[in-house]
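Student: Take a look at my_file-v5.txt, compact mmCIF, C-alpha atoms and all ligand atoms:
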# COMPACT_ATOMS: atom_id res chain seq x y z
CA MET O 555 60.41 70.49 101.27
CA SER O 556 61.01 74.18 101.58
CA PRO O 557 60.87 75.99 98.22
CA ASP O 558 63.41 78.50 99.54
CA ALA O 559 66.80 78.62 97.88
CA PRO O 560 69.52 76.45 99.39
CA GLY O 561 72.02 78.34 101.50
CA LEU O 562 69.37 80.24 103.43
CA ALA O 563 70.70 80.94 106.93
CA ARG O 564 68.65 79.85 109.93
CA TYR O 565 68.09 83.50 110.92
CA ALA O 566 66.73 84.35 107.44
CA GLN O 567 63.01 84.54 106.74
CA HIS O 568 62.03 81.07 105.53
CA GLU O 569 58.93 80.83 103.44
CA ALA O 570 57.62 77.96 105.56
CA ASP O 571 57.40 80.42 108.48
CA THR O 572 55.38 83.06 106.64
CA ARG O 573 52.47 84.67 108.43
CA GLY O 574 50.73 84.57 105.10
CA ARG O 575 48.52 86.92 103.14
CA ARG O 576 45.48 88.85 104.30
CA TYR O 577 43.32 86.90 101.83
CA ALA O 578 44.24 83.22 101.55
CA GLU O 579 45.39 82.11 98.11
CA PRO O 580 46.63 78.83 96.67
CA PRO O 581 50.45 78.66 96.67
CA PRO O 582 52.23 79.67 93.46
CA ARG O 583 53.31 76.75 91.28
CA HIS O 584 56.66 77.86 89.95
CA ARG O 585 57.71 80.68 92.24
CA THR O 586 58.22 81.23 95.92
CA GLU O 587 55.67 83.37 97.77
CA TYR O 588 58.20 86.23 97.94
CA GLN O 589 58.94 86.00 94.24
CA ARG O 590 55.21 86.32 93.69
CA ASP O 591 55.18 89.44 95.88
CA ARG O 592 58.03 90.91 93.86
CA ASP O 593 56.30 90.16 90.57
CA ARG O 594 53.05 91.74 91.75
CA ILE O 595 54.92 94.89 92.73
CA VAL O 596 56.65 95.13 89.35
CA HIS O 597 53.27 94.80 87.57
CA SER O 598 51.58 97.46 89.71
CA THR O 599 50.52 100.88 88.47
CA ALA O 600 52.22 102.60 91.40
CA PHE O 601 55.53 101.00 90.41
CA ARG O 602 55.31 102.34 86.86
CA ARG O 603 54.53 105.81 88.17
CA LEU O 604 57.85 105.88 90.05
CA VAL O 605 59.56 106.64 86.76
CA TYR O 606 58.03 110.12 86.84
CA LYS O 607 58.56 110.82 90.52
CA THR O 608 61.44 112.79 91.90
CA GLN O 609 64.27 111.94 94.17
CA VAL O 610 65.97 115.32 94.55
CA PHE O 611 65.62 116.85 91.12
CA VAL O 612 62.18 117.42 89.70
CA ASN O 613 61.45 115.11 86.83
CA HIS O 614 61.58 117.65 84.01
CA GLU O 615 64.96 119.06 85.13
CA GLY O 616 66.93 116.53 83.13
CA ASP O 617 66.84 113.02 81.71
CA LEU O 618 69.95 111.76 83.46
CA TYR O 619 68.91 112.20 87.07
CA ARG O 620 67.64 109.44 89.27
CA THR O 621 63.95 109.01 89.67
CA ARG O 622 62.18 106.93 92.30
CA LEU O 623 62.09 104.06 89.84
CA THR O 624 65.82 103.94 89.18
CA HIS O 625 66.39 104.57 92.89
CA SER O 626 64.21 101.57 93.80
CA LEU O 627 66.06 99.38 91.30
CA GLU O 628 69.43 100.44 92.70
CA VAL O 629 68.27 99.75 96.26
CA ALA O 630 67.03 96.30 95.24
CA GLN O 631 70.28 95.49 93.49
CA ILE O 632 72.40 96.44 96.48
CA ALA O 633 70.12 94.50 98.84
CA ARG O 634 70.23 91.39 96.66
CA SER O 635 74.04 91.26 96.77
CA VAL O 636 74.09 91.65 100.54
CA ALA O 637 71.22 89.18 101.03
CA ARG O 638 73.12 86.56 99.11
CA ALA O 639 76.34 87.20 101.02
CA LEU O 640 74.56 86.87 104.38
CA GLY O 641 72.34 83.92 103.48
CA LEU O 642 69.16 85.99 103.65
CA ASN O 643 66.03 85.55 101.58
CA GLU O 644 66.93 87.39 98.38
CA PRO O 645 63.47 87.57 96.73
CA LEU O 646 61.97 88.90 99.97
CA SER O 647 64.53 91.68 100.32
CA GLU O 648 64.12 92.49 96.62
CA ALA O 649 60.32 92.71 96.98
CA ILE O 650 60.62 95.04 99.99
CA CYS O 651 63.08 97.30 98.19
CA LEU O 652 61.00 97.55 95.03
CA ALA O 653 57.92 98.46 97.08
CA HIS O 654 59.53 100.73 99.66
CA ASP O 655 58.82 104.02 97.86
CA LEU O 656 55.48 103.19 96.20
CA GLY O 657 53.66 105.63 98.47
CA HIS O 658 55.92 108.56 97.72
CA THR O 659 54.26 111.80 96.71
CA PRO O 660 55.35 113.84 93.72
CA PHE O 661 58.33 116.18 94.33
CA GLY O 662 60.22 113.96 96.76
CA HIS O 663 60.49 115.00 100.38
CA ALA O 664 59.11 118.46 99.71
CA GLY O 665 55.88 116.88 98.48
CA GLN O 666 55.70 114.50 101.43
CA ASP O 667 56.27 117.30 103.96
CA ALA O 668 53.68 119.50 102.29
CA LEU O 669 51.06 116.75 102.23
CA ASN O 670 51.82 115.93 105.86
CA GLU O 671 51.20 119.59 106.77
CA CYS O 672 47.94 119.56 104.82
CA MET O 673 46.83 116.37 106.58
CA ARG O 674 47.89 117.46 110.07
CA GLU O 675 44.37 117.67 111.51
CA PHE O 676 43.31 114.49 109.68
CA GLY O 677 45.92 112.02 110.98
CA GLY O 678 48.94 113.22 108.99
CA PHE O 679 50.63 111.74 105.96
CA GLU O 680 53.59 109.31 106.18
CA HIS O 681 55.01 107.99 102.95
CA ASN O 682 55.83 104.59 104.49
CA LEU O 683 52.29 104.18 105.60
CA GLN O 684 51.13 105.31 102.18
CA SER O 685 53.33 102.63 100.53
CA LEU O 686 51.51 100.10 102.67
CA ARG O 687 48.17 101.65 101.72
CA VAL O 688 49.08 101.35 98.05
CA VAL O 689 49.88 97.63 98.29
CA ASP O 690 47.03 96.86 100.73
CA GLU O 691 44.19 99.00 99.37
CA LEU O 692 44.79 101.33 96.48
CA GLU O 693 46.07 99.08 93.70
CA GLU O 694 43.16 97.66 91.71
CA ARG O 695 44.45 94.64 89.85
CA TYR O 696 42.82 91.50 91.20
CA ALA O 697 39.24 90.31 91.10
CA ASP O 698 39.41 88.55 94.48
CA PHE O 699 40.90 91.22 96.74
CA PRO O 700 41.83 94.88 96.99
CA GLY O 701 45.49 95.84 96.66
CA LEU O 702 48.22 93.31 95.89
CA ASN O 703 47.57 90.97 98.84
CA LEU O 704 51.28 90.67 99.66
CA THR O 705 52.71 88.46 102.41
CA PHE O 706 53.04 89.76 105.95
CA GLU O 707 56.83 89.79 105.62
CA THR O 708 56.89 92.07 102.59
CA ARG O 709 54.33 94.40 104.19
CA GLU O 710 56.35 94.41 107.42
CA GLY O 711 59.41 95.54 105.47
CA VAL O 712 57.56 98.26 103.59
CA LEU O 713 56.43 99.85 106.86
CA LYS O 714 59.79 100.98 108.11
CA HIS O 715 58.66 103.78 110.43
CA CYS O 716 55.31 104.41 111.95
CA SER O 717 53.90 106.68 114.65
CA ALA O 718 52.49 105.03 117.79
CA ALA O 719 48.98 106.22 116.92
CA ASN O 720 49.14 104.60 113.50
CA ALA O 721 50.80 101.47 114.88
CA ARG O 722 47.84 100.95 117.20
CA ARG O 723 45.48 100.95 114.22
CA LEU O 724 47.56 98.48 112.24
CA GLY O 725 47.15 95.42 114.45
CA GLU O 726 49.73 92.69 113.88
CA LEU O 727 51.81 94.86 111.58
CA GLY O 728 52.01 97.72 114.07
CA GLU O 729 52.92 95.62 117.12
CA ARG O 730 56.66 95.85 116.72
CA PHE O 731 56.62 99.65 116.89
CA LEU O 732 54.72 99.57 120.17
CA GLU O 733 56.83 96.77 121.64
CA ARG O 734 60.09 98.16 120.21
CA ARG O 735 60.99 94.97 118.40
CA GLN O 736 62.75 94.53 115.07
CA PRO O 737 61.54 93.32 111.68
CA SER O 738 63.21 90.50 109.70
CA LEU O 739 66.81 90.92 108.59
CA GLU O 740 65.55 91.27 105.02
CA ALA O 741 63.57 94.34 106.11
CA GLN O 742 66.54 95.73 108.06
CA LEU O 743 68.63 95.26 104.93
CA ALA O 744 66.20 97.22 102.74
CA ASN O 745 66.66 100.21 105.04
CA LEU O 746 70.43 100.14 104.87
CA ALA O 747 70.53 99.49 101.13
CA ASP O 748 68.23 102.52 100.73
CA ALA O 749 70.79 104.73 102.50
CA ILE O 750 73.72 103.37 100.48
CA ALA O 751 71.83 103.99 97.24
CA TYR O 752 70.60 107.52 97.89
CA ASN O 753 73.78 108.88 99.44
CA ASN O 754 75.77 107.73 96.43
CA HIS O 755 73.38 108.58 93.65
CA ASP O 756 72.51 111.97 95.12
CA LEU O 757 76.23 112.68 95.21
CA ASP O 758 76.54 111.60 91.58
CA ASP O 759 73.48 113.60 90.49
CA GLY O 760 74.60 116.62 92.51
CA LEU O 761 77.97 116.63 90.76
CA ARG O 762 76.31 116.24 87.38
CA ALA O 763 74.01 119.17 88.11
CA GLY O 764 76.98 121.29 89.15
CA LEU O 765 75.57 121.86 92.64
CA LEU O 766 78.31 119.82 94.32
CA THR O 767 81.98 120.33 93.56
CA LEU O 768 84.87 117.88 93.70
CA ASP O 769 86.90 120.32 95.81
CA GLU O 770 84.23 120.51 98.49
CA LEU O 771 83.55 116.78 98.37
CA ARG O 772 87.21 116.06 99.01
CA GLU O 773 86.66 117.41 102.51
CA VAL O 774 84.47 114.35 103.12
CA ALA O 775 86.53 111.36 104.29
CA ILE O 776 84.62 108.58 102.57
CA PHE O 777 84.79 110.38 99.23
CA ARG O 778 88.36 111.58 99.62
CA ARG O 779 89.71 108.10 100.34
CA GLN O 780 88.35 106.59 97.13
CA TYR O 781 89.04 109.76 95.13
CA ASP O 782 92.73 109.80 96.10
CA LEU O 783 93.09 106.11 95.19
CA VAL O 784 91.49 106.57 91.78
CA ALA O 785 93.29 109.84 90.99
CA ALA O 786 96.67 108.30 91.89
CA ARG O 787 96.07 105.13 89.93
CA TYR O 788 94.51 106.74 86.83
CA PRO O 789 96.13 110.16 86.32
CA GLY O 790 94.44 112.16 83.58
CA LEU O 791 91.17 110.20 83.74
CA GLY O 792 88.24 112.22 82.37
CA LEU O 793 85.91 113.78 84.92
CA ARG O 794 82.85 111.60 84.26
CA ARG O 795 84.78 108.36 84.45
CA LEU O 796 86.60 109.57 87.53
CA VAL O 797 83.35 110.37 89.33
CA HIS O 798 81.72 107.10 88.33
CA GLU O 799 84.78 105.11 89.39
CA VAL O 800 84.83 106.86 92.77
CA VAL O 801 81.09 106.32 93.33
CA ARG O 802 81.36 102.68 92.29
CA ARG O 803 84.16 102.16 94.79
CA MET O 804 82.24 103.95 97.54
CA ILE O 805 79.26 101.64 97.05
CA ASP O 806 81.57 98.62 97.07
CA TYR O 807 83.25 99.87 100.25
CA LEU O 808 79.91 100.36 101.99
CA VAL O 809 78.50 97.01 100.88
CA ASN O 810 81.63 95.18 102.05
CA ASP O 811 81.55 96.96 105.38
CA LEU O 812 77.88 96.16 105.83
CA VAL O 813 78.48 92.47 105.10
CA ASP O 814 81.53 92.26 107.40
CA ALA O 815 80.05 94.17 110.33
CA SER O 816 76.74 92.31 110.05
CA THR O 817 78.46 88.93 109.83
CA ALA O 818 80.27 89.76 113.07
CA ALA O 819 77.07 90.99 114.76
CA LEU O 820 75.18 87.87 113.69
CA ALA O 821 77.97 85.62 114.92
CA ALA O 822 77.98 87.38 118.30
CA ALA O 823 74.19 87.35 118.77
CA ALA O 824 73.74 83.91 117.16
CA PRO O 825 69.99 84.20 116.47
CA ALA O 826 68.59 80.71 115.92
CA SER O 827 65.67 81.88 113.80
CA VAL O 828 63.88 84.91 112.46
CA ALA O 829 61.80 84.84 115.66
CA ASP O 830 65.01 85.58 117.60
CA VAL O 831 65.77 88.43 115.19
CA ARG O 832 62.29 89.89 115.70
CA ALA O 833 62.47 89.61 119.50
CA ARG O 834 65.47 91.94 119.72
CA SER O 835 65.25 95.60 120.63
CA GLN O 836 68.06 96.64 118.27
CA PRO O 837 68.71 95.79 114.62
CA LEU O 838 71.39 93.18 113.89
CA LEU O 839 72.40 94.38 110.46
CA THR O 840 74.84 97.24 110.77
CA PHE O 841 77.78 99.15 109.40
CA SER O 842 80.97 99.40 111.43
CA ALA O 843 81.11 102.38 113.79
CA GLN O 844 83.72 104.04 111.59
CA VAL O 845 81.69 103.71 108.41
CA GLU O 846 78.56 104.81 110.24
CA ALA O 847 80.38 108.03 111.17
CA GLU O 848 81.72 108.46 107.64
CA GLN O 849 78.25 108.09 106.16
CA LEU O 850 76.91 110.64 108.59
CA GLU O 851 79.59 113.09 107.49
CA LEU O 852 78.60 112.53 103.85
CA LYS O 853 74.93 112.94 104.69
CA LYS O 854 75.61 116.27 106.41
CA HIS O 855 77.61 117.43 103.41
CA LEU O 856 74.77 116.54 101.04
CA HIS O 857 72.32 118.26 103.30
CA ARG O 858 74.26 121.49 103.41
CA HIS O 859 75.49 121.64 99.82
CA LEU O 860 72.81 119.80 97.85
CA TYR O 861 69.45 119.55 99.58
CA ARG O 862 69.77 123.14 100.88
CA HIS O 863 71.25 124.54 97.66
CA TYR O 864 69.25 127.55 96.56
CA ARG O 865 68.40 125.97 93.23
CA VAL O 866 67.00 122.89 94.95
CA LEU O 867 65.20 125.05 97.53
CA ARG O 868 63.52 127.12 94.82
CA MET O 869 62.11 123.96 93.32
CA THR O 870 61.07 122.50 96.66
CA THR O 871 59.21 125.65 97.74
CA LYS O 872 57.44 125.70 94.40
CA ALA O 873 56.54 122.04 94.89
CA ARG O 874 55.24 122.74 98.36
CA ARG O 875 53.00 125.51 97.04
CA VAL O 876 51.64 123.25 94.31
CA VAL O 877 50.76 120.49 96.81
CA HIS O 878 49.21 122.94 99.29
CA SER O 879 47.04 124.63 96.70
CA LEU O 880 45.93 121.35 95.11
CA PHE O 881 44.98 119.98 98.51
CA THR O 882 43.08 123.09 99.61
CA VAL O 883 41.02 123.44 96.48
CA LEU O 884 40.27 119.71 96.12
CA LEU O 885 39.31 119.21 99.76
CA ASP O 886 36.96 122.15 99.45
CA ASP O 887 35.39 120.81 96.30
CA VAL O 888 35.97 117.09 95.73
CA GLU O 889 33.84 117.34 92.60
CA LEU O 890 36.86 118.83 90.87
CA MET O 891 38.63 115.46 91.09
CA PRO O 892 38.27 112.79 88.37
CA THR O 893 35.19 110.64 88.90
CA GLU O 894 36.72 107.63 90.64
CA HIS O 895 38.54 109.84 93.17
CA GLN O 896 35.41 111.89 93.72
CA GLU O 897 33.48 108.69 94.42
CA ALA O 898 36.20 107.47 96.78
CA ALA O 899 36.05 110.81 98.63
CA LEU O 900 32.28 110.61 99.10
CA ARG O 901 32.47 106.96 100.17
CA MET O 902 35.29 107.62 102.63
CA GLU O 903 33.53 110.70 103.96
CA ALA O 904 30.39 108.64 104.58
CA ASP O 905 32.49 106.12 106.56
CA ASP O 906 34.82 108.44 108.40
CA GLY O 907 33.62 112.04 108.09
CA ARG O 908 35.95 114.84 107.08
CA PRO O 909 39.19 112.88 107.80
CA GLY O 910 37.97 110.26 105.29
CA ARG O 911 37.30 112.93 102.69
CA ALA O 912 40.77 114.44 103.31
CA ARG O 913 42.41 111.00 103.04
CA ALA O 914 40.86 110.48 99.61
CA VAL O 915 42.28 113.83 98.46
CA ALA O 916 45.70 112.87 99.89
CA ASP O 917 45.53 109.51 98.06
CA TYR O 918 44.82 111.33 94.81
CA ILE O 919 47.68 113.81 95.28
CA ALA O 920 50.15 111.18 96.54
CA GLY O 921 49.49 109.09 93.44
CA MET O 922 50.41 111.95 91.10
CA THR O 923 53.68 112.04 89.22
CA ASP O 924 55.65 115.31 89.24
CA ARG O 925 54.46 116.31 85.80
CA TYR O 926 50.86 115.31 86.45
CA ALA O 927 50.81 117.47 89.59
CA ILE O 928 52.20 120.45 87.67
CA LEU O 929 49.65 119.94 84.90
CA GLU O 930 46.77 119.49 87.33
CA HIS O 931 47.83 122.70 89.09
CA GLN O 932 47.76 124.56 85.77
CA ARG O 933 44.38 123.09 84.86
CA LEU O 934 42.90 124.18 88.18
CA PHE O 935 44.49 127.59 88.59
CA ASP O 936 45.45 128.94 85.17
CA PRO O 937 42.30 130.32 83.48
CA SER O 938 43.93 130.11 80.04
CA GLU O 939 44.57 126.35 80.48
CA ARG O 940 42.19 123.77 79.03
CA THR O 941 40.60 121.61 81.70
MG MG U 1001 64.16 105.10 99.20
Here is the file; what I need is its structure written in the form of structure tokens.
Tutor:
Amino acid sequence: MSPDAPGLARYAQHEADTRGRRYAEPPPRHRTEYQRDRDRIVHSTAFRRLVYKTQVFVNHEGDLYRTRLTHSLEVAQIARSVARALGLNEPLSEAICLAHDLGHTPFGHAGQDALNECMREFGGFEHNLQSLRVVDELEERYADFPGLNLTFETREGVLKHCSAANARRLGELGERFLERRQPSLEAQLANLADAIAYNNHDLDDGLRAGLLTLDELREVAIFRRQYDLVAARYPGLGLRRLVHEVVRRMIDYLVNDLVDASTAALAAAAPASVADVRARSQPLLTFSAQVEAEQLELKKHLHRHLYRHYRVLRMTTKARRVVHSLFTVLLDDVELMPTEHQEAALRMEADDGRPGRARAVADYIAGMTDRYAILEHQRLFDPSERT
């Protein structure tokens, strides 16, 4: 008998069809394999560090802003609702969502871009690939294997983009990028839930920070529609409640659209199994064309008014400088890193030469929280700082 929940659609990922774990283990007694993946992710060190990693605002800028941890929880929550509505494997989509940002550097995208520049001649740095590296190699929690030894399906979902060069190195997991095939619907869902979550919470955080204004946001259709409804129905509502009510309705609107448009796409394509889903060249989960366009409009607005706001840019250039200088000085002298990282650098250099050494430095920096990176920078560059 399948341990999967009843109501699982035939195109969902069924546990009986798993491609398994890299190191064979006895099946869990009271959980499904995907619930076990989820639980391992929640217990990991990298997961706890997400609380001190940035989305848009650097961690010390305020206590109310989203961090990667709250972001990951919001993504998982959205994905779980949609998974249930579509008959998908809920624990699998939850596990993917909770793990999707584990490889993120400190300082959000600024940190990732900076580390990628630093690693250019050593194979680059992709945060998706780093998330996979965290769950496959870097977590040290189990006596029998490195990493968390997650199922293929969770790992497949974590690796949402990948360059062709990296895909070739990754074997089974990289094949779909080379053959232009799709991952499971649960993995497709994690991607879309990610976009719903960050567009809405960045909007909310941007308003709270005073970088976005209601007047400007009302030029954006998806916001304006919900705003006008709420303002008409609740005249005189306080600003905070108004914003939260609008954001709540936007998320609801997007989730409903995703469920409806995907239900229609699934009915039209009628995949008989997850193998049919994987064989396709295009994803099956989707928003309607109208909502897709509306989300793009919102994204552009956030880009112009929030991500490129001078106050955000000041912080991101500072972050970039911190990552660049940490990388340069540590690559030059790996003995400045804490012992276990130093040892990893020497071991990886022995195996793989200078790219191995650089990868160990990138692992160390990528694992830092925002505040740890700032502190480490002070310890290395400020002569008055204690080391
Ligand atoms: Mg994300």
Student: Select all residues near (63.5, 82.3, 108.2) (cut-off 12 Å, inclusive, file coordinates), counting all atoms listed in the file, and output them as a tab-separated table (two decimals) with C-alpha atoms, keeping the file's coordinate frame.
Tutor:
chain	number	residue	atom	x	y	z
O	556	SER	CA	61.01	74.18	101.58
O	558	ASP	CA	63.41	78.50	99.54
O	559	ALA	CA	66.80	78.62	97.88
O	561	GLY	CA	72.02	78.34	101.50
O	562	LEU	CA	69.37	80.24	103.43
O	563	ALA	CA	70.70	80.94	106.93
O	564	ARG	CA	68.65	79.85	109.93
O	565	TYR	CA	68.09	83.50	110.92
O	566	ALA	CA	66.73	84.35	107.44
O	567	GLN	CA	63.01	84.54	106.74
O	568	HIS	CA	62.03	81.07	105.53
O	569	GLU	CA	58.93	80.83	103.44
O	570	ALA	CA	57.62	77.96	105.56
O	571	ASP	CA	57.40	80.42	108.48
O	572	THR	CA	55.38	83.06	106.64
O	573	ARG	CA	52.47	84.67	108.43
O	641	GLY	CA	72.34	83.92	103.48
O	642	LEU	CA	69.16	85.99	103.65
O	643	ASN	CA	66.03	85.55	101.58
O	644	GLU	CA	66.93	87.39	98.38
O	646	LEU	CA	61.97	88.90	99.97
O	707	GLU	CA	56.83	89.79	105.62
O	737	PRO	CA	61.54	93.32	111.68
O	738	SER	CA	63.21	90.50	109.70
O	739	LEU	CA	66.81	90.92	108.59
O	740	GLU	CA	65.55	91.27	105.02
O	825	PRO	CA	69.99	84.20	116.47
O	826	ALA	CA	68.59	80.71	115.92
O	827	SER	CA	65.67	81.88	113.80
O	828	VAL	CA	63.88	84.91	112.46
O	829	ALA	CA	61.80	84.84	115.66
O	830	ASP	CA	65.01	85.58	117.60
O	831	VAL	CA	65.77	88.43	115.19
O	832	ARG	CA	62.29	89.89	115.70
Student: If you count all atoms listed in the file, which residues end up within 9 Å of ligand MG 1001 (chain U), as a VMD selection string?
Tutor: chain O and resid 609 622 625 to 626 629 651 654 to 655 744 to 745 747 to 749 751 to 752
Student: Considering only C-alpha atoms, return as a PyMOL selection string whatever protein or nucleic-acid residues lie within 7 Å of stretch 852-864 of chain O, sequence-local ones (same chain, fewer than 6 positions apart) excluded.
Tutor: chain O and resi 753+760+765-766+774
Student: Anything within 12 Å of (52.9, 104.3, 86.5): list those residues as a list in words, counting all atoms listed in the file and sticking to the file's coordinates.
Tutor: Ile595, Val596, His597, Ser598, Thr599, Ala600, Phe601, Arg602, Arg603, Leu604, Val605, Tyr606, Lys607, Arg622, Leu623, Leu656, Glu693, Gly921, Met922, Thr923, Asp924 and Tyr926 of chain O
Student: Nearest to O:Asp690 among O:Glu675, O:Asp886, O:Leu743, O:Arg576, with distances taken over only C-alpha atoms: which residue is it?
Tutor: O:Arg576
Student: What lies within 8 Å of stretch 720-736 of chain O using all atoms listed in the file, ignoring chain neighbours under 2 positions off, as an MDAnalysis selection string?
Tutor: chainID O and resid 706 709:710 715:718 738 831:837
Student: Filtering to C-alpha atoms, could you give me those residues as a short mmCIF file (atom, residue, chain, number, x, y, z; two decimals), in the coordinates of the input?
Tutor:
data_model
loop_
_atom_site.label_atom_id
_atom_site.label_comp_id
_atom_site.auth_asym_id
_atom_site.auth_seq_id
_atom_site.Cartn_x
_atom_site.Cartn_y
_atom_site.Cartn_z
CA PHE O 706 53.04 89.76 105.95
CA ARG O 709 54.33 94.40 104.19
CA GLU O 710 56.35 94.41 107.42
CA HIS O 715 58.66 103.78 110.43
CA CYS O 716 55.31 104.41 111.95
CA SER O 717 53.90 106.68 114.65
CA ALA O 718 52.49 105.03 117.79
CA SER O 738 63.21 90.50 109.70
CA VAL O 831 65.77 88.43 115.19
CA ARG O 832 62.29 89.89 115.70
CA ALA O 833 62.47 89.61 119.50
CA ARG O 834 65.47 91.94 119.72
CA SER O 835 65.25 95.60 120.63
CA GLN O 836 68.06 96.64 118.27
CA PRO O 837 68.71 95.79 114.62
#
Student: Quick one: pull the distance between atom CA of O:Asp811 and atom CA of O:Gln589, Å, one decimal.
Tutor: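 If I compute the distance from atom CA of O:Asp811 to atom CA of O:Gln589, I get 27.5 Å.
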Student: Smallest atom-to-atom distance to O:Met673: which of O:Gly910, O:Gly711, O:Gly792, O:Gly574, using all atoms listed in the file?
Tutor: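 Smallest separation from O:Met673 among the options: O:Gly910.
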Student: What is the distance, in Å and to one decimal place, between atom CA of O:Met902 and atom CA of O:Phe881?
Tutor: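 Between atom CA of O:Met902 and atom CA of O:Phe881 the gap is 16.2 Å.
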Student: For a quick check of understanding, using all atoms listed in the file, which of O:Thr817, O:Gln684, O:Asn754, O:Ser647 has the smallest distance to O:Met804?
Tutor: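 Looking at the shortest contact to O:Met804, the residue is O:Asn754.
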Student: With all atoms listed in the file as the basis for distance, which of O:Arg638, O:Arg795, O:Arg933, O:Arg674 is at the shortest distance from O:Val809?
Tutor: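 The shortest atom-to-atom distance to O:Val809 comes from O:Arg638.
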Student: So what do you get for atom CA of O:Arg687 versus atom CA of O:Asp917, distance-wise?
Tutor: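 According to the coordinates, atom CA of O:Arg687 and atom CA of O:Asp917 are separated by 9.1 Å.
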Student: Looking at all atoms listed in the file, which of O:Val801, O:Ala818, O:Ile776, O:Leu796 is the one that sits closest to O:Asp759?
Tutor: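 Of O:Val801, O:Ala818, O:Ile776, O:Leu796, the one nearest O:Asp759 is O:Val801, counting all atoms listed in the file.
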Student: Between O:Ala741, O:Ala578, O:Leu867, O:Leu783, which has the minimum distance to O:Asn703 (counting all atoms listed in the file)?
Tutor: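 Smallest separation from O:Asn703 among the options: O:Ala578.
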Student: Identify, on the basis of only C-alpha atoms, every residue whose closest approach to O:Ala630 does not exceed 7 Å; exclude the query and any residue fewer than 3 positions from it along the same chain; express the result as a ChimeraX atom specification.
Tutor: /O:626-627,633-634,648,651-652
Student: Produce a file of the selected residues containing C-alpha atoms, as a PDB file, in the coordinates of the input.
Tutor:
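Done, and the output landed in out_15.pdb:
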ATOM      1  CA  SER O 626      64.210 101.570  93.800  1.00  0.00           C
ATOM      2  CA  LEU O 627      66.060  99.380  91.300  1.00  0.00           C
ATOM      3  CA  ALA O 633      70.120  94.500  98.840  1.00  0.00           C
ATOM      4  CA  ARG O 634      70.230  91.390  96.660  1.00  0.00           C
ATOM      5  CA  GLU O 648      64.120  92.490  96.620  1.00  0.00           C
ATOM      6  CA  CYS O 651      63.080  97.300  98.190  1.00  0.00           C
ATOM      7  CA  LEU O 652      61.000  97.550  95.030  1.00  0.00           C
TER       8      LEU O 652
END
Student: Quick one: residues within 7 Å of O:Leu713, only C-alpha atoms counted, chain neighbours fewer than 4 positions away excluded, as a ChimeraX atom specification?
Tutor: /O:682-683,686,709
Student: Assuming the input is short of atoms at stretch 647-655 of chain O, produce N, CA, C and O atoms for that part as a PDB file, keeping the file's coordinate frame.
Tutor:
ATOM      1  N   SER O 647      63.933  90.345 100.191  1.00  0.00           N
ATOM      2  CA  SER O 647      64.530  91.680 100.320  1.00  0.00           C
ATOM      3  C   SER O 647      64.330  92.470  99.031  1.00  0.00           C
ATOM      4  O   SER O 647      64.087  93.676  99.066  1.00  0.00           O
ATOM      5  N   GLU O 648      64.354  91.794  97.899  1.00  0.00           N
ATOM      6  CA  GLU O 648      64.120  92.490  96.620  1.00  0.00           C
ATOM      7  C   GLU O 648      62.692  93.061  96.585  1.00  0.00           C
ATOM      8  O   GLU O 648      62.484  94.214  96.192  1.00  0.00           O
ATOM      9  N   ALA O 649      61.723  92.250  96.994  1.00  0.00           N
ATOM     10  CA  ALA O 649      60.320  92.710  96.980  1.00  0.00           C
ATOM     11  C   ALA O 649      60.155  93.941  97.872  1.00  0.00           C
ATOM     12  O   ALA O 649      59.521  94.930  97.479  1.00  0.00           O
ATOM     13  N   ILE O 650      60.737  93.895  99.066  1.00  0.00           N
ATOM     14  CA  ILE O 650      60.620  95.040  99.990  1.00  0.00           C
ATOM     15  C   ILE O 650      61.222  96.294  99.356  1.00  0.00           C
ATOM     16  O   ILE O 650      60.624  97.374  99.384  1.00  0.00           O
ATOM     17  N   CYS O 651      62.407  96.141  98.776  1.00  0.00           N
ATOM     18  CA  CYS O 651      63.080  97.300  98.190  1.00  0.00           C
ATOM     19  C   CYS O 651      62.281  97.889  97.030  1.00  0.00           C
ATOM     20  O   CYS O 651      62.152  99.112  96.902  1.00  0.00           O
ATOM     21  N   LEU O 652      61.745  97.039  96.189  1.00  0.00           N
ATOM     22  CA  LEU O 652      61.000  97.550  95.030  1.00  0.00           C
ATOM     23  C   LEU O 652      59.717  98.258  95.464  1.00  0.00           C
ATOM     24  O   LEU O 652      59.234  99.151  94.779  1.00  0.00           O
ATOM     25  N   ALA O 653      59.182  97.853  96.615  1.00  0.00           N
ATOM     26  CA  ALA O 653      57.920  98.460  97.080  1.00  0.00           C
ATOM     27  C   ALA O 653      58.136  99.629  98.030  1.00  0.00           C
ATOM     28  O   ALA O 653      57.188 100.355  98.330  1.00  0.00           O
ATOM     29  N   HIS O 654      59.370  99.852  98.504  1.00  0.00           N
ATOM     30  CA  HIS O 654      59.530 100.730  99.660  1.00  0.00           C
ATOM     31  C   HIS O 654      59.112 102.177  99.394  1.00  0.00           C
ATOM     32  O   HIS O 654      58.729 102.885 100.314  1.00  0.00           O
ATOM     33  N   ASP O 655      59.159 102.624  98.145  1.00  0.00           N
ATOM     34  CA  ASP O 655      58.820 104.020  97.860  1.00  0.00           C
ATOM     35  C   ASP O 655      57.502 104.165  97.083  1.00  0.00           C
ATOM     36  O   ASP O 655      57.220 105.242  96.558  1.00  0.00           O
TER      37      ASP O 655
END
